[in-house]
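Chemist: Quick one: the structure is below, questions incoming.
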Amino acid sequence: MPRLVADRIAASGKIGTVYVFNYEPIIYYLADAPPPTRYVLLPADITARELTADVRRIMSLRPSYIVITDSPVFFIAPEVKEIVEGELPKIYVLDSEFIDSVTAEHVRLYRYRVTHRGTS
């Protein structure tokens, strides 16, 4: 499924910043998109404070795409998850959903909502 997600991002023509929040980081490679963080895989010694600061920084970049799954690759603390999920309804639209028919894994791709003259 990472290939499908990456292909959808690459098909957009203008990739911009991609943030794979809690899914397979191979998407960065497959979509030819550099990660906006050095914490592609969470190291065991990262503190909650460091992770929170990094996620806030990434979200301030207004990534073009955010990838989220219901079956995270690694544990994300609820307060960190709230940072991302709090921004989604404000400035992102659901671009695509991918559901694996075998594992029932559910992945959502959100796209930054571009507004022009007060419209979305």
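Please note that chains go A, B, ... in the order of the structure tokens, that every chain numbers its residues from 1, and that ligands are numbered from 1 in the order shown.
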Using DSSP on the backbone coordinates, identify all residues within range 3-119 of chain A classified as strand (DSSP E or B); present the result as a list in words.

Modeler: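 The strand (DSSP E or B) residues within range 3-119 of chain A come out as Val18, Tyr19, Val20, Tyr65, Ile66, Val67, Ile68, Thr69, Tyr92, Val93, Leu94, Asp95, Ser96, Glu97, Phe98, Ile99, His106, Val107, Arg108, Leu109, Tyr110, Arg111, Tyr112, His116 and Thr119 of chain A.
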
Chemist: Between A:Leu30, A:Met1, A:Met59, A:Val40, which has the minimum distance to Glu82 in chain A (counting only C-alpha atoms)?

Modeler: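 That would be A:Met59, the residue with the smallest distance to Glu82 in chain A.
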
Chemist: Identify all residues of range 7-47 of chain A in helix (DSSP H, G or I) (DSSP on the backbone) and supply them as a PDB file with C-alpha atoms, in the first residue's frame.

Modeler:
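Final file, selection-v3.pdb:
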ATOM      1  CA  ASP A   7       2.019   7.222  -6.475  1.00  0.00           C
ATOM      2  CA  ARG A   8      -0.949   9.416  -5.554  1.00  0.00           C
ATOM      3  CA  ILE A   9       1.373  12.043  -4.072  1.00  0.00           C
ATOM      4  CA  ALA A  10       3.709  11.911  -7.077  1.00  0.00           C
ATOM      5  CA  ILE A  26       9.389   4.431   2.662  1.00  0.00           C
ATOM      6  CA  ILE A  27       6.799   6.785   1.164  1.00  0.00           C
ATOM      7  CA  TYR A  28       9.376   9.584   1.245  1.00  0.00           C
ATOM      8  CA  TYR A  29      11.626   7.547  -1.017  1.00  0.00           C
ATOM      9  CA  LEU A  30       8.870   6.250  -3.279  1.00  0.00           C
TER      10      LEU A  30
END

Chemist: Nearest residue to Thr37 in chain A out of A:Asp95, A:Glu79, A:Glu87, A:Asp54, using only C-alpha atoms?

Modeler: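 Using only C-alpha atoms, Thr37 in chain A sits closest to A:Asp54.
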
Chemist: Of the residues A:Asp32, A:Val84, A:Phe98, A:Val5, which is the one nearest to Ser60 in chain A, using only C-alpha atoms?

Modeler: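 Closest to Ser60 in chain A of all the choices is A:Val84.
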
Chemist: Within 12 Å of Val73 in chain A, counting only C-alpha atoms, which residues show up once you throw out same-chain ones fewer than 5 positions away? Write them as a list in words, please.

Modeler: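 Returned residues: Val20, Phe21, Asn22, Tyr23, Glu24, Pro25, Ile26, Val40, Leu41, Leu42, Val67, Ile68, Glu105 and Val107 of chain A.
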
Chemist: So, with only C-alpha atoms as the atoms that count, which of A:Leu51, A:Ile76, A:Ile66, A:Ala44 lies closest to Ile91 in chain A?

Modeler: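 Selected residue with least distance to Ile91 in chain A: A:Ile66.
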
Chemist: Please measure the separation of CA of Pro63 in chain A and CA of Glu97 in chain A, giving the value in Å to one decimal.

Modeler: 17.8 Å
